[in-house]
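Q: Below: one structure in structure tokens.
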Amino acid sequence: MKAIINIPLPFKLPFKEGLKVVSGYENNKYFSIELEHYYLYLSEDKKNFDESNNTQLIVTYVYDDKDVPAEVENLLRGIIYNCLSYVNDFLTSIRFTLDLNYVKDITVYDLPDYLPIEVDGNTYLYITSPMKLIEESEILPSKKLQLAQKMMATWEKYPEVALVDRFYSSAKHSIETENFLSAIIELQTSFEIFIRNTMRLVVKIDGQRQNRPQKEIEKEIEEKKNIAFRNLIEQHLSRKLGEKLDFFKHPVIYKWYKHLYKIRNDIVHSGKYFVTNEEAQAAYDSYVEVRNYIADKLVEKKYLSKNGNVDLKLFEEVYSNPKKHKEIRQKLEKYNLVPKDLEFPPR
């Protein structure tokens with residue numbers, strides 16, 4: 001199978017046209033990249049425009065084996081995935097070796113919405129981001145934007161809680177853009193912060209239930225921060241939840257360990273270089289399952305409400321000053337920065 005794709009970059013590489021790099025691998029995959037220049041025209045109207053000279057990569061990908069997907073959609077998706085992986089290796093090596101820090105990795109979102117792919121002499125038109133095209137057609141009401149701003153304000157007030165959501169959201173974006181290696185790291189980072197936040201929550205609530213002094217509670221929270229992650233789950237969280245959360249014996253924990261924790265460690269510590277779509281999806285599924293499982297246990301033990309909500313006051317940062325809220329609102333109104341339909345939450 002031989003495929004050819006033209007990938008336009010949103011920047012120009014400082015090399016002349018016609019230069020080529022080639023690579024071959026023991027898994028029967030062979031690549032070449034040829035550089036050419038193209039002009040991008042940015043127009044305000046039909047008469048006035050700016051001209052940008054960027055680089056286009058002519059990528060040739062040969063897979064010399066028998067297990068080529070029979071279904072066209074799977075074939076094209078595999079071609080895109082393999083070519084982007086090779087192109088990003090190429091761009092990263094340029095950025096690192098030549099200290100060209102404006103050179104960035106690209107994702108499917110950087111490609112044209114409709115990308116011609118030549119496969120063994122036949123040309124197919126591949127829709128690179130079908131979900132993006134569908135989502136862009138929907139116009140959301142202003143209340144949705146207000147909802148997003150409220151979430152942003154919540155994140156600013158509770159940064160430890162925000163980090164769980166931020167890394168989780170980044171991971172979903174990485175999967176959508178087929179940056180699977182980053183998705184694994186982001187999912188595991190989100191989960192580790194979630195676990196440490198969970199321990200903080202449990203220690204605080206237990207301390208309040210036992211009428212322990214605040215300084216004693218804070219001391220235990222600080223001590224828990226220094227406990228190794230695996231020990232924190234298997235020993236400390238297990239005792240709090242009344243569950244044996246063994247990495248190898250508990251079915252939900254083992255699924256997360258196998259599909260996310262171990263792969264993340266292989267990337268960080270053992271140099272794992274390649275993550276497939278299937279591995280990323282399995283990692284995501286295991287993340288969702290283990291978080292839901294622990295959340296359900298927290299509800300059972302009444303650390304969370306029946307709806308699974310947490311009392312955010314337990315995570316409130318010292319720098320958040322409620323006395324300033326009214327003053328800030330008055331300044332926003334003074335400078336006409338507040339939309340007329342914006343609803344301020346009660347304080």
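How things are named: the first chain in the structure tokens is A, the next is B, and so on; residues count from 1 in each chain; ligands count from 1 in the order shown.
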Within 12 Å of Ile117 in chain A, counting only C-alpha atoms, which residues show up once you throw out same-chain ones fewer than 3 positions away? Write them as a count of residues only, please.
A: 30
Q: As JSON, numbers by chain, please: every residue in range 116-304 of chain A that DSSP puts in helix (DSSP H, G or I).
A: {"A": [130, 131, 132, 133, 134, 135, 136, 142, 143, 144, 145, 146, 147, 148, 149, 150, 151, 152, 153, 154, 155, 156, 157, 159, 160, 161, 162, 163, 164, 165, 166, 167, 168, 169, 170, 171, 172, 173, 174, 175, 176, 180, 181, 182, 183, 184, 185, 186, 187, 188, 189, 190, 191, 192, 193, 194, 195, 196, 197, 198, 199, 200, 201, 202, 203, 204, 205, 206, 207, 208, 209, 214, 215, 216, 217, 218, 219, 220, 221, 222, 223, 224, 225, 229, 230, 231, 232, 233, 234, 235, 236, 237, 238, 239, 240, 241, 251, 252, 253, 254, 255, 256, 257, 258, 259, 260, 261, 262, 263, 264, 265, 266, 267, 268, 269, 270, 277, 278, 279, 280, 281, 282, 283, 284, 285, 286, 287, 288, 289, 290, 291, 292, 293, 294, 295, 296, 297, 298, 299, 300]}
Q: Report the distance between CA of His250 in chain A and CA of Gly271 in chain A in Å, rounded to one decimal place.
A: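 These atoms are spaced 27.6 Å apart.
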Q: Considering only C-alpha atoms, state which residue in the set A:Tyr284, A:Phe31, A:Glu176, A:Leu312 is at the smallest distance from Arg200 in chain A.
A: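 Closest to Arg200 in chain A of all the choices is A:Leu312.
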Q: Quick check, in Å to one decimal: how far apart do CA of Lys215 in chain A and CA of Ser190 in chain A lie?
A: 28.0 Å
Q: From the options A:Asn265, A:Gln208, A:Gln146, A:Gln235, which residue's atoms come nearest to Thr189 in chain A, counting only C-alpha atoms?
A: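 Smallest distance to Thr189 in chain A is found for A:Asn265.
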Q: Using only C-alpha atoms, which of A:Thr107, A:Gln214, A:Asn82, A:Thr55 sits nearest Ser182 in chain A?
A: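 Once distances to Ser182 in chain A are computed over only C-alpha atoms, the minimum belongs to A:Thr107.
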Q: Select from range 132-250 of chain A every residue with an atom at most 12 Å from any atom of range 88-105 of chain A, then for each give the shortest pair of atoms and their distance in Å to one decimal, using only C-alpha atoms, rows by chain and rising number, as a Markdown table.
A:
| residue | atom | partner | partner_atom | distance |
| --- | --- | --- | --- | --- |
| A:Thr177 | CA | A:Asp105 | CA | 11.5 |
| A:Glu178 | CA | A:Asp105 | CA | 11.9 |
| A:Asn179 | CA | A:Asp105 | CA | 9.7 |
| A:Ser182 | CA | A:Asp105 | CA | 11.9 |
Q: Just write the chosen residues, N, CA and C atoms, as a short mmCIF file (atom, residue, chain, number, x, y, z; two decimals), in the first residue's frame.
A:
data_model
loop_
_atom_site.label_atom_id
_atom_site.label_comp_id
_atom_site.auth_asym_id
_atom_site.auth_seq_id
_atom_site.Cartn_x
_atom_site.Cartn_y
_atom_site.Cartn_z
N THR A 177 -7.91 14.97 18.72
CA THR A 177 -6.93 15.38 17.71
C THR A 177 -5.87 14.32 17.47
N GLU A 178 -6.09 13.12 18.02
CA GLU A 178 -5.24 11.95 17.81
C GLU A 178 -3.82 12.14 18.33
N ASN A 179 -3.68 12.93 19.38
CA ASN A 179 -2.40 13.07 20.08
C ASN A 179 -2.46 12.12 21.28
N SER A 182 0.02 12.22 24.52
CA SER A 182 -0.30 13.29 25.47
C SER A 182 -1.55 12.96 26.26
#
Q: Using only C-alpha atoms, which residues sit within 10 Å of Leu163 in chain A once same-chain residues fewer than 2 positions away are excluded, as a VMD selection string?
A: chain A and resid 155 158 to 161 165 to 169 189 to 191 193 to 194
Q: When you look at Glu279 in chain A with a cut-off of 9 Å (counting only C-alpha atoms), what residues show up, excluding the ones that are within fewer than 6 positions of it in the same chain? I need them as a list in words.
A: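 Counting only C-alpha atoms, the residues come to Phe180, Ile184, His259, Leu260 and Ile263 of chain A.
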Q: Gly207 in chain A: which residues within 12 Å, counting only C-alpha atoms, same-chain residues fewer than 2 positions away excluded, as a list in words?
A: Met199, Arg200, Leu201, Val202, Val203, Lys204, Ile205, Arg209, Gln210, Asn211, Arg212, Pro213, Gln214, Lys215, Glu216, Ile217, Glu218, Lys219, Glu220, Ile221, Tyr303 and Leu314 of chain A
Q: From a DSSP pass on the backbone, collect the residues of range 52-265 of chain A flagged as strand (DSSP E or B) and hand them back as a list in words.
A: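 So, restricting range 52-265 of chain A to strand (DSSP E or B), we get Ser52, Asn53, Asn54, Thr55, Gln56, Leu57, Ile58, Val59, Thr60, Tyr61, Val62, Tyr63, Tyr114, Leu115, Pro116, Ile117, Glu118, Val119, Asn122, Thr123, Tyr124, Leu125, Tyr126 and Ile127 of chain A.
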Q: Write the residues you've just listed into a file as an mmCIF file, in the first residue's frame, and include N, CA and C atoms for each of them.
A:
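File written: part-v5.cif
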data_model
loop_
_atom_site.group_PDB
_atom_site.id
_atom_site.type_symbol
_atom_site.label_atom_id
_atom_site.label_comp_id
_atom_site.auth_asym_id
_atom_site.auth_seq_id
_atom_site.Cartn_x
_atom_site.Cartn_y
_atom_site.Cartn_z
ATOM 1 N N SER A 52 1.090 35.065 2.580
ATOM 2 C CA SER A 52 1.976 34.371 3.511
ATOM 3 C C SER A 52 2.601 33.167 2.810
ATOM 4 N N ASN A 53 3.920 33.093 2.851
ATOM 5 C CA ASN A 53 4.642 31.994 2.214
ATOM 6 C C ASN A 53 4.958 30.928 3.258
ATOM 7 N N ASN A 54 4.273 29.801 3.190
ATOM 8 C CA ASN A 54 4.454 28.730 4.166
ATOM 9 C C ASN A 54 5.031 27.485 3.499
ATOM 10 N N THR A 55 5.244 26.452 4.310
ATOM 11 C CA THR A 55 5.798 25.190 3.813
ATOM 12 C C THR A 55 4.718 24.125 3.745
ATOM 13 N N GLN A 56 4.744 23.365 2.671
ATOM 14 C CA GLN A 56 3.874 22.200 2.538
ATOM 15 C C GLN A 56 4.736 20.945 2.484
ATOM 16 N N LEU A 57 4.278 19.902 3.183
ATOM 17 C CA LEU A 57 5.007 18.637 3.199
ATOM 18 C C LEU A 57 4.300 17.636 2.293
ATOM 19 N N ILE A 58 5.035 17.104 1.330
ATOM 20 C CA ILE A 58 4.505 16.025 0.495
ATOM 21 C C ILE A 58 4.947 14.725 1.149
ATOM 22 N N VAL A 59 4.015 14.059 1.810
ATOM 23 C CA VAL A 59 4.339 12.869 2.603
ATOM 24 C C VAL A 59 3.967 11.615 1.827
ATOM 25 N N THR A 60 4.933 10.738 1.648
ATOM 26 C CA THR A 60 4.679 9.433 1.026
ATOM 27 C C THR A 60 4.826 8.361 2.092
ATOM 28 N N TYR A 61 3.836 7.498 2.189
ATOM 29 C CA TYR A 61 3.827 6.445 3.213
ATOM 30 C C TYR A 61 3.582 5.105 2.530
ATOM 31 N N VAL A 62 4.501 4.180 2.732
ATOM 32 C CA VAL A 62 4.384 2.832 2.166
ATOM 33 C C VAL A 62 4.296 1.832 3.303
ATOM 34 N N TYR A 63 3.282 0.981 3.251
ATOM 35 C CA TYR A 63 3.156 -0.108 4.222
ATOM 36 C C TYR A 63 3.265 -1.415 3.464
ATOM 37 N N TYR A 114 -11.224 19.028 4.398
ATOM 38 C CA TYR A 114 -11.324 17.983 3.370
ATOM 39 C C TYR A 114 -9.929 17.770 2.780
ATOM 40 N N LEU A 115 -9.377 16.595 2.993
ATOM 41 C CA LEU A 115 -7.991 16.332 2.612
ATOM 42 C C LEU A 115 -7.923 15.215 1.568
ATOM 43 N N PRO A 116 -7.441 15.504 0.353
ATOM 44 C CA PRO A 116 -7.266 14.444 -0.650
ATOM 45 C C PRO A 116 -6.120 13.499 -0.242
ATOM 46 N N ILE A 117 -6.365 12.214 -0.340
ATOM 47 C CA ILE A 117 -5.345 11.195 -0.044
ATOM 48 C C ILE A 117 -5.271 10.247 -1.238
ATOM 49 N N GLU A 118 -4.083 10.132 -1.806
ATOM 50 C CA GLU A 118 -3.887 9.191 -2.911
ATOM 51 C C GLU A 118 -3.415 7.864 -2.354
ATOM 52 N N VAL A 119 -4.142 6.785 -2.699
ATOM 53 C CA VAL A 119 -3.782 5.447 -2.226
ATOM 54 C C VAL A 119 -3.712 4.520 -3.432
ATOM 55 N N ASN A 122 -5.418 5.715 -6.558
ATOM 56 C CA ASN A 122 -6.787 6.213 -6.413
ATOM 57 C C ASN A 122 -6.820 7.347 -5.399
ATOM 58 N N THR A 123 -7.609 8.383 -5.655
ATOM 59 C CA THR A 123 -7.679 9.535 -4.769
ATOM 60 C C THR A 123 -9.000 9.534 -4.002
ATOM 61 N N TYR A 124 -8.889 9.681 -2.678
ATOM 62 C CA TYR A 124 -10.056 9.724 -1.799
ATOM 63 C C TYR A 124 -10.084 11.082 -1.091
ATOM 64 N N LEU A 125 -11.283 11.578 -0.812
ATOM 65 C CA LEU A 125 -11.436 12.832 -0.065
ATOM 66 C C LEU A 125 -11.797 12.470 1.368
ATOM 67 N N TYR A 126 -10.882 12.773 2.289
ATOM 68 C CA TYR A 126 -11.061 12.386 3.688
ATOM 69 C C TYR A 126 -11.487 13.602 4.510
ATOM 70 N N ILE A 127 -12.567 13.465 5.280
ATOM 71 C CA ILE A 127 -13.005 14.522 6.196
ATOM 72 C C ILE A 127 -12.217 14.353 7.485
#
